[in-house]
Amino acid sequence: MTEITRDVVIIGAGASGLTAATDLKARGLTVAVLEARDRVGGRLWTDTIEGAMLEIGGQWVSPDQTALIETLDNLKLDTFSRYREGESIYIGRDGTHTRYSGDRFPVDAETAAEMDRLIVILDELAESVGATEPWAHPRAKELDSITWQAWLEENTDNIEARDNIGLFVAEAMLTKPRHAFSALQAILMAASAGSFSNLVDEDFILDKRVIGGLQQVPLRLAENLGEDVFLSQPVRRLEYTEDSVTAIADGITVHAKFAIMAVPPNLYSRVDYQPPLPRLKHQMHQHMSLGLVIKVHAVYETPFWREDGLSGTVFSPYQLVHEAYDNTNHEDPRGTLVGFVSDQHADGVFQQDAAARKAAILESLATYYGEQAKNPVVYYESDWGSEEWTRGAYATSFDMGGLERYGAMQSTPVGPIYWSSSDLAAEGFQHVDGAIRVGHDTAAAIIARHESQ
Ligand code: FDA
């Protein structure tokens, strides 16, 4: 067992932990980053599967994500735009298959008017509630006591409008069923992206990708940190006093002044804290859970849908794959589609064996793109639910009532232990941008405390 002493021990080499470590080191503090996996990046993972480069985890960058964009600039990483020329496809409640342009689904006039009306209400709520302290809003308790589904039912009788507006937060973002989280949580999601209108606009949310893959962010940050990053070192125990902490991993023990738990909140309880955490933290951690989505990658010899004038963008709350996009790599002659199977649909297909699941998912893709979609040359499902050091996708959110009840103390340090994750972010909540923002903020808080001692 190696034993070392540093100013700060960081648990988790994802975007958040590595950002914090980089800032701390730049201010002259000594750091050690302990990572459970044999790679850095956490939920960012770019890999080559059967000759195809795939973004197994996070990949997209939107224009409001200025912290991520600044990091990309600093690391000299270039981006390219998602392919979006041509028409999109929407499959409606009656099974009608419609081609359309723009960011509004081609629904009947009444449904379109209802969707527009709901978007206006949600934009106003997102602006008024904000992303920084949603729990402090005068309507926080009321909005956190009603499920997203119930809020939609209360605000419109139009089922298709409800299903579409519901999708933008449930299937597409929090990846939990609409009855499993609150309206306040949904409004936070919108506020953290700038507005509900932004969530509806896939050209905004899914704007750019990084050439060579987004995992280069953590890879380059880790490279710059050099020997301060220790892989395959799951931290099992944190022993702490008011001003010191010892992190005990499988092959290394780090004595430090501060610790940063830079892991998703659903994993906080995997570590044995001595002394145990305060009661409220114990309670809160049981109300933060990860969503579930399968990210499906299908690679074809050519992006055949483009020849048919299609952008590759498809949506339907009534399909197993509720959304899919052209995800062709930069300057790659082959064509890649990426589709998503969310929450209870994912539970359902995981009951099947791999062959039946693949057939069901390709059948759903074929409903949008035609029979050719059934024959990819490479097919891969990102299954984050079976990853021990994540346990779901994309991120963690509070269950019903949890945001109003505990949100105000989610980032409060316990003695020398700080918390850093995309899942605690205001702007960029549940996104890489948020992971980086919280990483910078956590480092700044520790630097201020260190310098005042
Ligand atoms: P992250 O989970 O990345 O890092 C935590 C690290 O801690 C991991 O490396 C883990 O192994 C480690 N760890 C856990 N327990 C430990 C222990 N006890 N000891 C030591 N180490 C431990 N975002 C976005 O902006 N655009 C996008 O397109 C997408 N798409 C997307 C798709 C999919 C499939 C996923 C899963 C996620 C996304 N996201 C995304 C979300 C984005 O990837 C995510 O918000 C951030 O990468 C999270 O970064 P963090 O550093 O907060 O946690």
# chains A, B, ... in the order shown; residues from 1 in each chain; ligands from 1
>>> residues_around(residues="Ala395 of chain A", least_positions_apart="5", cutoff="7 Å", atoms="only C-alpha atoms", output="PDB file with C-alpha atoms, in the first residue's frame")
ATOM      1  CA  LEU A 290     -29.572   8.194 -11.931  1.00  0.00           C
ATOM      2  CA  GLY A 291     -31.860   7.977 -14.931  1.00  0.00           C
ATOM      3  CA  ASP A 423     -25.370  16.705 -11.297  1.00  0.00           C
ATOM      4  CA  GLN A 430     -26.363  17.166 -15.991  1.00  0.00           C
TER       5      GLN A 430
END
>>> residues_around(residues="segment 336-342 of chain A", least_positions_apart="3", cutoff="6 Å", atoms="only C-alpha atoms", output="number ranges by chain")
A: 171, 175, 293-299, 321, 323-328, 345-346
>>> select_by_dssp(residues="segment 28-107 of chain A", states="alpha helix (DSSP H)", output="PDB file with N, CA, C and O atoms, in the first residue's frame")
ATOM      1  N   THR A  66     -20.520  27.796 -22.127  1.00  0.00           N
ATOM      2  CA  THR A  66     -19.303  28.591 -22.298  1.00  0.00           C
ATOM      3  C   THR A  66     -18.121  28.057 -21.480  1.00  0.00           C
ATOM      4  O   THR A  66     -16.972  28.239 -21.867  1.00  0.00           O
ATOM      5  N   ALA A  67     -18.415  27.373 -20.359  1.00  0.00           N
ATOM      6  CA  ALA A  67     -17.296  26.821 -19.571  1.00  0.00           C
ATOM      7  C   ALA A  67     -16.637  25.677 -20.348  1.00  0.00           C
ATOM      8  O   ALA A  67     -15.404  25.571 -20.403  1.00  0.00           O
ATOM      9  N   LEU A  68     -17.463  24.846 -20.958  1.00  0.00           N
ATOM     10  CA  LEU A  68     -16.919  23.747 -21.771  1.00  0.00           C
ATOM     11  C   LEU A  68     -16.181  24.313 -22.995  1.00  0.00           C
ATOM     12  O   LEU A  68     -15.075  23.867 -23.329  1.00  0.00           O
ATOM     13  N   ILE A  69     -16.784  25.314 -23.619  1.00  0.00           N
ATOM     14  CA  ILE A  69     -16.159  25.889 -24.826  1.00  0.00           C
ATOM     15  C   ILE A  69     -14.789  26.498 -24.481  1.00  0.00           C
ATOM     16  O   ILE A  69     -13.819  26.339 -25.212  1.00  0.00           O
ATOM     17  N   GLU A  70     -14.718  27.141 -23.304  1.00  0.00           N
ATOM     18  CA  GLU A  70     -13.432  27.714 -22.870  1.00  0.00           C
ATOM     19  C   GLU A  70     -12.390  26.605 -22.659  1.00  0.00           C
ATOM     20  O   GLU A  70     -11.226  26.740 -23.067  1.00  0.00           O
ATOM     21  N   THR A  71     -12.830  25.492 -22.056  1.00  0.00           N
ATOM     22  CA  THR A  71     -11.902  24.363 -21.850  1.00  0.00           C
ATOM     23  C   THR A  71     -11.443  23.798 -23.195  1.00  0.00           C
ATOM     24  O   THR A  71     -10.263  23.494 -23.385  1.00  0.00           O
ATOM     25  N   LEU A  72     -12.378  23.674 -24.140  1.00  0.00           N
ATOM     26  CA  LEU A  72     -12.008  23.166 -25.471  1.00  0.00           C
ATOM     27  C   LEU A  72     -10.963  24.079 -26.114  1.00  0.00           C
ATOM     28  O   LEU A  72      -9.989  23.601 -26.704  1.00  0.00           O
ATOM     29  N   ASP A  73     -11.163  25.394 -25.965  1.00  0.00           N
ATOM     30  CA  ASP A  73     -10.194  26.354 -26.530  1.00  0.00           C
ATOM     31  C   ASP A  73      -8.829  26.184 -25.863  1.00  0.00           C
ATOM     32  O   ASP A  73      -7.799  26.131 -26.533  1.00  0.00           O
ATOM     33  N   ASN A  74      -8.849  26.106 -24.515  1.00  0.00           N
ATOM     34  CA  ASN A  74      -7.572  25.971 -23.787  1.00  0.00           C
ATOM     35  C   ASN A  74      -6.822  24.708 -24.190  1.00  0.00           C
ATOM     36  O   ASN A  74      -5.594  24.692 -24.236  1.00  0.00           O
TER      37      ASN A  74
END
>>> residues_near_ligand(ligand="ligand 1", cutoff="7 Å", atoms="only C-alpha atoms and all ligand atoms", output="PyMOL selection string")
chain A and resi 11-17+34-37+40-44+56-61+233-236+262-264+267+270-271+295+382+384+389-390+392-395+420-423+430-433+435
>>> residues_around(residues="Ser411 of chain A", least_positions_apart="3", cutoff="9 Å", atoms="only C-alpha atoms", output="NGL selection string")
:A and (407-408 or 418-420 or 424)
>>> write_last_selection(atoms="N, CA and C atoms", output="short mmCIF file (atom, residue, chain, number, x, y, z; two decimals), in the first residue's frame")
data_model
loop_
_atom_site.label_atom_id
_atom_site.label_comp_id
_atom_site.auth_asym_id
_atom_site.auth_seq_id
_atom_site.Cartn_x
_atom_site.Cartn_y
_atom_site.Cartn_z
N GLY A 407 -32.28 20.49 -1.81
CA GLY A 407 -31.41 21.13 -2.80
C GLY A 407 -30.46 22.17 -2.22
N ALA A 408 -30.93 22.95 -1.24
CA ALA A 408 -30.12 24.06 -0.71
C ALA A 408 -28.83 23.56 -0.08
N TYR A 418 -15.63 18.16 0.05
CA TYR A 418 -16.43 18.94 -0.91
C TYR A 418 -17.05 17.99 -1.94
N TRP A 419 -18.06 18.51 -2.66
CA TRP A 419 -18.80 17.69 -3.62
C TRP A 419 -18.76 18.38 -4.98
N SER A 420 -18.43 17.64 -6.02
CA SER A 420 -18.30 18.28 -7.34
C SER A 420 -18.81 17.31 -8.41
N LEU A 424 -24.73 18.50 -9.78
CA LEU A 424 -24.97 19.52 -8.76
C LEU A 424 -24.93 20.92 -9.38
#
>>> residues_around(residues="Tyr369 of chain A", least_positions_apart="6", cutoff="10 Å", atoms="only C-alpha atoms", output="PyMOL selection string")
chain A and resi 89+304-305+308+310+312-314+363
>>> write_last_selection(atoms="all heavy atoms", output="mmCIF file, in the first residue's frame")
data_model
loop_
_atom_site.group_PDB
_atom_site.id
_atom_site.type_symbol
_atom_site.label_atom_id
_atom_site.label_comp_id
_atom_site.auth_asym_id
_atom_site.auth_seq_id
_atom_site.Cartn_x
_atom_site.Cartn_y
_atom_site.Cartn_z
ATOM 1 N N ILE A 89 -38.032 13.746 -39.405
ATOM 2 C CA ILE A 89 -39.246 12.911 -39.421
ATOM 3 C C ILE A 89 -39.867 12.897 -38.029
ATOM 4 O O ILE A 89 -39.157 12.791 -37.025
ATOM 5 C CB ILE A 89 -38.909 11.456 -39.835
ATOM 6 C CG1 ILE A 89 -38.447 11.412 -41.286
ATOM 7 C CG2 ILE A 89 -40.117 10.526 -39.640
ATOM 8 C CD1 ILE A 89 -37.955 10.051 -41.721
ATOM 9 N N PHE A 304 -27.103 6.755 -45.825
ATOM 10 C CA PHE A 304 -28.080 6.557 -46.902
ATOM 11 C C PHE A 304 -29.281 7.499 -46.815
ATOM 12 O O PHE A 304 -29.879 7.858 -47.810
ATOM 13 C CB PHE A 304 -28.537 5.086 -46.937
ATOM 14 C CG PHE A 304 -29.239 4.640 -45.689
ATOM 15 C CD1 PHE A 304 -30.607 4.798 -45.548
ATOM 16 C CD2 PHE A 304 -28.535 4.065 -44.628
ATOM 17 C CE1 PHE A 304 -31.254 4.398 -44.387
ATOM 18 C CE2 PHE A 304 -29.178 3.674 -43.463
ATOM 19 C CZ PHE A 304 -30.549 3.841 -43.341
ATOM 20 N N TRP A 305 -29.641 7.905 -45.611
ATOM 21 C CA TRP A 305 -30.807 8.768 -45.427
ATOM 22 C C TRP A 305 -30.608 10.137 -46.085
ATOM 23 O O TRP A 305 -31.573 10.762 -46.501
ATOM 24 C CB TRP A 305 -31.116 8.929 -43.920
ATOM 25 C CG TRP A 305 -29.925 9.347 -43.117
ATOM 26 C CD1 TRP A 305 -29.543 10.606 -42.801
ATOM 27 C CD2 TRP A 305 -28.915 8.473 -42.574
ATOM 28 N NE1 TRP A 305 -28.364 10.590 -42.090
ATOM 29 C CE2 TRP A 305 -27.966 9.300 -41.932
ATOM 30 C CE3 TRP A 305 -28.737 7.087 -42.573
ATOM 31 C CZ2 TRP A 305 -26.847 8.770 -41.285
ATOM 32 C CZ3 TRP A 305 -27.623 6.570 -41.929
ATOM 33 C CH2 TRP A 305 -26.690 7.405 -41.293
ATOM 34 N N ASP A 308 -31.954 10.598 -49.508
ATOM 35 C CA ASP A 308 -33.406 10.736 -49.532
ATOM 36 C C ASP A 308 -33.841 12.121 -49.026
ATOM 37 O O ASP A 308 -35.022 12.366 -48.765
ATOM 38 C CB ASP A 308 -33.969 9.625 -48.615
ATOM 39 C CG ASP A 308 -35.442 9.382 -48.830
ATOM 40 O OD1 ASP A 308 -35.948 9.770 -49.896
ATOM 41 O OD2 ASP A 308 -36.081 8.833 -47.915
ATOM 42 N N LEU A 310 -33.009 13.481 -46.173
ATOM 43 C CA LEU A 310 -33.290 13.496 -44.726
ATOM 44 C C LEU A 310 -32.063 13.961 -43.934
ATOM 45 O O LEU A 310 -30.923 13.597 -44.256
ATOM 46 C CB LEU A 310 -33.689 12.097 -44.248
ATOM 47 C CG LEU A 310 -35.028 11.581 -44.765
ATOM 48 C CD1 LEU A 310 -35.231 10.124 -44.357
ATOM 49 C CD2 LEU A 310 -36.179 12.441 -44.235
ATOM 50 N N GLY A 312 -31.633 13.095 -40.863
ATOM 51 C CA GLY A 312 -31.313 12.046 -39.880
ATOM 52 C C GLY A 312 -31.999 12.294 -38.551
ATOM 53 O O GLY A 312 -32.055 11.404 -37.704
ATOM 54 N N THR A 313 -32.522 13.507 -38.349
ATOM 55 C CA THR A 313 -33.189 13.830 -37.085
ATOM 56 C C THR A 313 -34.614 13.277 -37.091
ATOM 57 O O THR A 313 -35.388 13.566 -38.014
ATOM 58 C CB THR A 313 -33.234 15.362 -36.896
ATOM 59 O OG1 THR A 313 -31.902 15.850 -36.940
ATOM 60 C CG2 THR A 313 -33.898 15.736 -35.585
ATOM 61 N N VAL A 314 -34.938 12.464 -36.088
ATOM 62 C CA VAL A 314 -36.289 11.889 -36.004
ATOM 63 C C VAL A 314 -36.771 11.918 -34.551
ATOM 64 O O VAL A 314 -35.964 11.826 -33.634
ATOM 65 C CB VAL A 314 -36.321 10.429 -36.536
ATOM 66 C CG1 VAL A 314 -35.858 10.365 -37.989
ATOM 67 C CG2 VAL A 314 -35.476 9.480 -35.684
ATOM 68 N N GLU A 363 -35.745 -2.372 -35.598
ATOM 69 C CA GLU A 363 -37.106 -2.270 -36.153
ATOM 70 C C GLU A 363 -37.635 -0.846 -35.942
ATOM 71 O O GLU A 363 -38.239 -0.245 -36.847
ATOM 72 C CB GLU A 363 -38.018 -3.295 -35.444
ATOM 73 C CG GLU A 363 -39.440 -3.381 -35.970
ATOM 74 C CD GLU A 363 -39.508 -3.982 -37.363
ATOM 75 O OE1 GLU A 363 -38.860 -5.027 -37.589
ATOM 76 O OE2 GLU A 363 -40.198 -3.372 -38.223
#
>>> closest_residue(among="A:Met400, A:Tyr83, A:Glu202, A:Asp243", to="Asp332 of chain A", atoms="only C-alpha atoms")
A:Tyr83
>>> closest_residue(among="A:Leu122, A:Ile260, A:Met409, A:Leu214", to="Glu55 of chain A", atoms="only C-alpha atoms")
A:Leu214
>>> select_by_dssp(residues="segment 150-344 of chain A", states="strand (DSSP E or B)", output="VMD selection string")
chain A and resid 182 208 to 210 229 to 230 235 to 240 245 to 249 252 to 256 258 to 261 272 to 274 288 to 290 293 to 300 310 to 315 323 to 326 335 to 342
>>> residues_around(residues="Ile49 of chain A", least_positions_apart="5", cutoff="9 Å", atoms="only C-alpha atoms", output="number ranges by chain")
A: 54, 378-380
>>> write_last_selection(atoms="C-alpha atoms", output="PDB file, in the first residue's frame")
ATOM      1  CA  LEU A  54     -18.098   5.904 -31.115  1.00  0.00           C
ATOM      2  CA  VAL A 378     -21.495  -1.936 -36.706  1.00  0.00           C
ATOM      3  CA  TYR A 379     -24.115  -1.966 -33.953  1.00  0.00           C
ATOM      4  CA  TYR A 380     -23.425  -1.042 -30.335  1.00  0.00           C
TER       5      TYR A 380
END
>>> residues_around(residues="Tyr240 of chain A", least_positions_apart="4", cutoff="7 Å", atoms="only C-alpha atoms", output="PyMOL selection string")
chain A and resi 244-246+274-275
>>> decode(residues="segment 298-345 of chain A", atoms="N, CA and C atoms", output="PDB file, in the first residue's frame")
ATOM      1  N   ALA A 298     -25.540   2.911 -34.655  1.00  0.00           N
ATOM      2  CA  ALA A 298     -25.666   2.045 -35.824  1.00  0.00           C
ATOM      3  C   ALA A 298     -24.877   2.690 -36.961  1.00  0.00           C
ATOM      4  N   VAL A 299     -23.851   1.975 -37.425  1.00  0.00           N
ATOM      5  CA  VAL A 299     -22.961   2.518 -38.463  1.00  0.00           C
ATOM      6  C   VAL A 299     -23.258   1.801 -39.774  1.00  0.00           C
ATOM      7  N   TYR A 300     -23.363   2.583 -40.864  1.00  0.00           N
ATOM      8  CA  TYR A 300     -23.688   2.045 -42.195  1.00  0.00           C
ATOM      9  C   TYR A 300     -22.579   2.415 -43.186  1.00  0.00           C
ATOM     10  N   GLU A 301     -22.512   1.674 -44.299  1.00  0.00           N
ATOM     11  CA  GLU A 301     -21.466   1.966 -45.294  1.00  0.00           C
ATOM     12  C   GLU A 301     -21.536   3.405 -45.769  1.00  0.00           C
ATOM     13  N   THR A 302     -22.755   3.945 -45.887  1.00  0.00           N
ATOM     14  CA  THR A 302     -22.937   5.359 -46.273  1.00  0.00           C
ATOM     15  C   THR A 302     -24.085   5.943 -45.451  1.00  0.00           C
ATOM     16  N   PRO A 303     -24.139   7.275 -45.320  1.00  0.00           N
ATOM     17  CA  PRO A 303     -25.292   7.903 -44.648  1.00  0.00           C
ATOM     18  C   PRO A 303     -26.478   7.920 -45.626  1.00  0.00           C
ATOM     19  N   PHE A 304     -27.103   6.755 -45.825  1.00  0.00           N
ATOM     20  CA  PHE A 304     -28.080   6.557 -46.902  1.00  0.00           C
ATOM     21  C   PHE A 304     -29.281   7.499 -46.815  1.00  0.00           C
ATOM     22  N   TRP A 305     -29.641   7.905 -45.611  1.00  0.00           N
ATOM     23  CA  TRP A 305     -30.807   8.768 -45.427  1.00  0.00           C
ATOM     24  C   TRP A 305     -30.608  10.137 -46.085  1.00  0.00           C
ATOM     25  N   ARG A 306     -29.353  10.568 -46.199  1.00  0.00           N
ATOM     26  CA  ARG A 306     -29.091  11.887 -46.801  1.00  0.00           C
ATOM     27  C   ARG A 306     -29.533  11.908 -48.272  1.00  0.00           C
ATOM     28  N   GLU A 307     -29.325  10.754 -48.972  1.00  0.00           N
ATOM     29  CA  GLU A 307     -29.726  10.688 -50.389  1.00  0.00           C
ATOM     30  C   GLU A 307     -31.223  10.891 -50.549  1.00  0.00           C
ATOM     31  N   ASP A 308     -31.954  10.598 -49.508  1.00  0.00           N
ATOM     32  CA  ASP A 308     -33.406  10.736 -49.532  1.00  0.00           C
ATOM     33  C   ASP A 308     -33.841  12.121 -49.026  1.00  0.00           C
ATOM     34  N   GLY A 309     -32.865  13.017 -48.870  1.00  0.00           N
ATOM     35  CA  GLY A 309     -33.187  14.377 -48.423  1.00  0.00           C
ATOM     36  C   GLY A 309     -33.479  14.476 -46.933  1.00  0.00           C
ATOM     37  N   LEU A 310     -33.009  13.481 -46.173  1.00  0.00           N
ATOM     38  CA  LEU A 310     -33.290  13.496 -44.726  1.00  0.00           C
ATOM     39  C   LEU A 310     -32.063  13.961 -43.934  1.00  0.00           C
ATOM     40  N   SER A 311     -32.343  14.719 -42.883  1.00  0.00           N
ATOM     41  CA  SER A 311     -31.263  15.194 -42.014  1.00  0.00           C
ATOM     42  C   SER A 311     -30.778  14.089 -41.078  1.00  0.00           C
ATOM     43  N   GLY A 312     -31.633  13.095 -40.863  1.00  0.00           N
ATOM     44  CA  GLY A 312     -31.313  12.046 -39.880  1.00  0.00           C
ATOM     45  C   GLY A 312     -31.999  12.294 -38.551  1.00  0.00           C
ATOM     46  N   THR A 313     -32.522  13.507 -38.349  1.00  0.00           N
ATOM     47  CA  THR A 313     -33.189  13.830 -37.085  1.00  0.00           C
ATOM     48  C   THR A 313     -34.614  13.277 -37.091  1.00  0.00           C
ATOM     49  N   VAL A 314     -34.938  12.464 -36.088  1.00  0.00           N
ATOM     50  CA  VAL A 314     -36.289  11.889 -36.004  1.00  0.00           C
ATOM     51  C   VAL A 314     -36.771  11.918 -34.551  1.00  0.00           C
ATOM     52  N   PHE A 315     -38.071  12.047 -34.385  1.00  0.00           N
ATOM     53  CA  PHE A 315     -38.672  12.091 -33.045  1.00  0.00           C
ATOM     54  C   PHE A 315     -40.002  11.360 -33.033  1.00  0.00           C
ATOM     55  N   SER A 316     -40.281  10.708 -31.921  1.00  0.00           N
ATOM     56  CA  SER A 316     -41.640  10.257 -31.645  1.00  0.00           C
ATOM     57  C   SER A 316     -41.754   9.775 -30.205  1.00  0.00           C
ATOM     58  N   PRO A 317     -42.664  10.344 -29.433  1.00  0.00           N
ATOM     59  CA  PRO A 317     -42.866   9.800 -28.082  1.00  0.00           C
ATOM     60  C   PRO A 317     -43.543   8.443 -28.129  1.00  0.00           C
ATOM     61  N   TYR A 318     -43.937   7.982 -29.316  1.00  0.00           N
ATOM     62  CA  TYR A 318     -44.684   6.722 -29.446  1.00  0.00           C
ATOM     63  C   TYR A 318     -43.826   5.594 -29.985  1.00  0.00           C
ATOM     64  N   GLN A 319     -42.536   5.850 -30.137  1.00  0.00           N
ATOM     65  CA  GLN A 319     -41.621   4.826 -30.652  1.00  0.00           C
ATOM     66  C   GLN A 319     -40.666   4.365 -29.557  1.00  0.00           C
ATOM     67  N   LEU A 320     -40.176   3.116 -29.704  1.00  0.00           N
ATOM     68  CA  LEU A 320     -39.160   2.602 -28.769  1.00  0.00           C
ATOM     69  C   LEU A 320     -37.950   3.544 -28.767  1.00  0.00           C
ATOM     70  N   VAL A 321     -37.467   3.885 -29.956  1.00  0.00           N
ATOM     71  CA  VAL A 321     -36.400   4.896 -30.074  1.00  0.00           C
ATOM     72  C   VAL A 321     -37.117   6.238 -30.196  1.00  0.00           C
ATOM     73  N   HIS A 322     -37.057   7.042 -29.136  1.00  0.00           N
ATOM     74  CA  HIS A 322     -37.886   8.268 -29.143  1.00  0.00           C
ATOM     75  C   HIS A 322     -37.229   9.417 -29.906  1.00  0.00           C
ATOM     76  N   GLU A 323     -35.895   9.337 -30.108  1.00  0.00           N
ATOM     77  CA  GLU A 323     -35.207  10.364 -30.908  1.00  0.00           C
ATOM     78  C   GLU A 323     -33.948   9.724 -31.494  1.00  0.00           C
ATOM     79  N   ALA A 324     -33.546  10.169 -32.671  1.00  0.00           N
ATOM     80  CA  ALA A 324     -32.301   9.689 -33.273  1.00  0.00           C
ATOM     81  C   ALA A 324     -31.767  10.772 -34.202  1.00  0.00           C
ATOM     82  N   TYR A 325     -30.452  10.699 -34.446  1.00  0.00           N
ATOM     83  CA  TYR A 325     -29.778  11.754 -35.218  1.00  0.00           C
ATOM     84  C   TYR A 325     -28.699  11.159 -36.107  1.00  0.00           C
ATOM     85  N   ASP A 326     -28.310  11.919 -37.112  1.00  0.00           N
ATOM     86  CA  ASP A 326     -27.117  11.625 -37.896  1.00  0.00           C
ATOM     87  C   ASP A 326     -25.922  11.927 -36.994  1.00  0.00           C
ATOM     88  N   ASN A 327     -25.160  10.898 -36.693  1.00  0.00           N
ATOM     89  CA  ASN A 327     -24.019  11.082 -35.781  1.00  0.00           C
ATOM     90  C   ASN A 327     -22.713  10.707 -36.480  1.00  0.00           C
ATOM     91  N   THR A 328     -22.684  10.938 -37.789  1.00  0.00           N
ATOM     92  CA  THR A 328     -21.504  10.602 -38.580  1.00  0.00           C
ATOM     93  C   THR A 328     -20.288  11.381 -38.081  1.00  0.00           C
ATOM     94  N   ASN A 329     -19.179  10.676 -37.969  1.00  0.00           N
ATOM     95  CA  ASN A 329     -17.955  11.325 -37.494  1.00  0.00           C
ATOM     96  C   ASN A 329     -17.433  12.317 -38.531  1.00  0.00           C
ATOM     97  N   HIS A 330     -16.598  13.226 -38.064  1.00  0.00           N
ATOM     98  CA  HIS A 330     -16.002  14.249 -38.922  1.00  0.00           C
ATOM     99  C   HIS A 330     -15.260  13.603 -40.096  1.00  0.00           C
ATOM    100  N   GLU A 331     -15.638  13.981 -41.305  1.00  0.00           N
ATOM    101  CA  GLU A 331     -14.995  13.519 -42.543  1.00  0.00           C
ATOM    102  C   GLU A 331     -14.963  12.003 -42.676  1.00  0.00           C
ATOM    103  N   ASP A 332     -15.988  11.340 -42.150  1.00  0.00           N
ATOM    104  CA  ASP A 332     -16.072   9.877 -42.239  1.00  0.00           C
ATOM    105  C   ASP A 332     -17.010   9.521 -43.391  1.00  0.00           C
ATOM    106  N   PRO A 333     -16.568   8.692 -44.370  1.00  0.00           N
ATOM    107  CA  PRO A 333     -17.489   8.344 -45.470  1.00  0.00           C
ATOM    108  C   PRO A 333     -18.642   7.456 -44.994  1.00  0.00           C
ATOM    109  N   ARG A 334     -18.451   6.744 -43.884  1.00  0.00           N
ATOM    110  CA  ARG A 334     -19.547   5.909 -43.393  1.00  0.00           C
ATOM    111  C   ARG A 334     -20.572   6.796 -42.684  1.00  0.00           C
ATOM    112  N   GLY A 335     -21.765   6.294 -42.543  1.00  0.00           N
ATOM    113  CA  GLY A 335     -22.811   7.070 -41.883  1.00  0.00           C
ATOM    114  C   GLY A 335     -23.158   6.434 -40.552  1.00  0.00           C
ATOM    115  N   THR A 336     -23.316   7.255 -39.514  1.00  0.00           N
ATOM    116  CA  THR A 336     -23.692   6.720 -38.204  1.00  0.00           C
ATOM    117  C   THR A 336     -24.993   7.357 -37.745  1.00  0.00           C
ATOM    118  N   LEU A 337     -25.880   6.509 -37.262  1.00  0.00           N
ATOM    119  CA  LEU A 337     -27.080   7.010 -36.590  1.00  0.00           C
ATOM    120  C   LEU A 337     -26.915   6.759 -35.105  1.00  0.00           C
ATOM    121  N   VAL A 338     -27.379   7.717 -34.293  1.00  0.00           N
ATOM    122  CA  VAL A 338     -27.424   7.481 -32.853  1.00  0.00           C
ATOM    123  C   VAL A 338     -28.872   7.644 -32.408  1.00  0.00           C
ATOM    124  N   GLY A 339     -29.362   6.653 -31.676  1.00  0.00           N
ATOM    125  CA  GLY A 339     -30.749   6.702 -31.202  1.00  0.00           C
ATOM    126  C   GLY A 339     -30.793   6.443 -29.711  1.00  0.00           C
ATOM    127  N   PHE A 340     -31.922   6.766 -29.086  1.00  0.00           N
ATOM    128  CA  PHE A 340     -32.014   6.663 -27.629  1.00  0.00           C
ATOM    129  C   PHE A 340     -33.282   5.918 -27.215  1.00  0.00           C
ATOM    130  N   VAL A 341     -33.094   4.979 -26.280  1.00  0.00           N
ATOM    131  CA  VAL A 341     -34.211   4.211 -25.718  1.00  0.00           C
ATOM    132  C   VAL A 341     -34.200   4.510 -24.213  1.00  0.00           C
ATOM    133  N   SER A 342     -35.263   5.133 -23.735  1.00  0.00           N
ATOM    134  CA  SER A 342     -35.210   5.730 -22.400  1.00  0.00           C
ATOM    135  C   SER A 342     -36.070   5.003 -21.379  1.00  0.00           C
ATOM    136  N   ASP A 343     -35.733   5.191 -20.142  1.00  0.00           N
ATOM    137  CA  ASP A 343     -36.431   4.776 -18.905  1.00  0.00           C
ATOM    138  C   ASP A 343     -37.166   3.448 -19.008  1.00  0.00           C
ATOM    139  N   GLN A 344     -38.497   3.442 -18.964  1.00  0.00           N
ATOM    140  CA  GLN A 344     -39.208   2.154 -18.912  1.00  0.00           C
ATOM    141  C   GLN A 344     -39.059   1.358 -20.210  1.00  0.00           C
ATOM    142  N   HIS A 345     -38.862   2.061 -21.336  1.00  0.00           N
ATOM    143  CA  HIS A 345     -38.593   1.349 -22.591  1.00  0.00           C
ATOM    144  C   HIS A 345     -37.266   0.591 -22.479  1.00  0.00           C
TER     145      HIS A 345
END
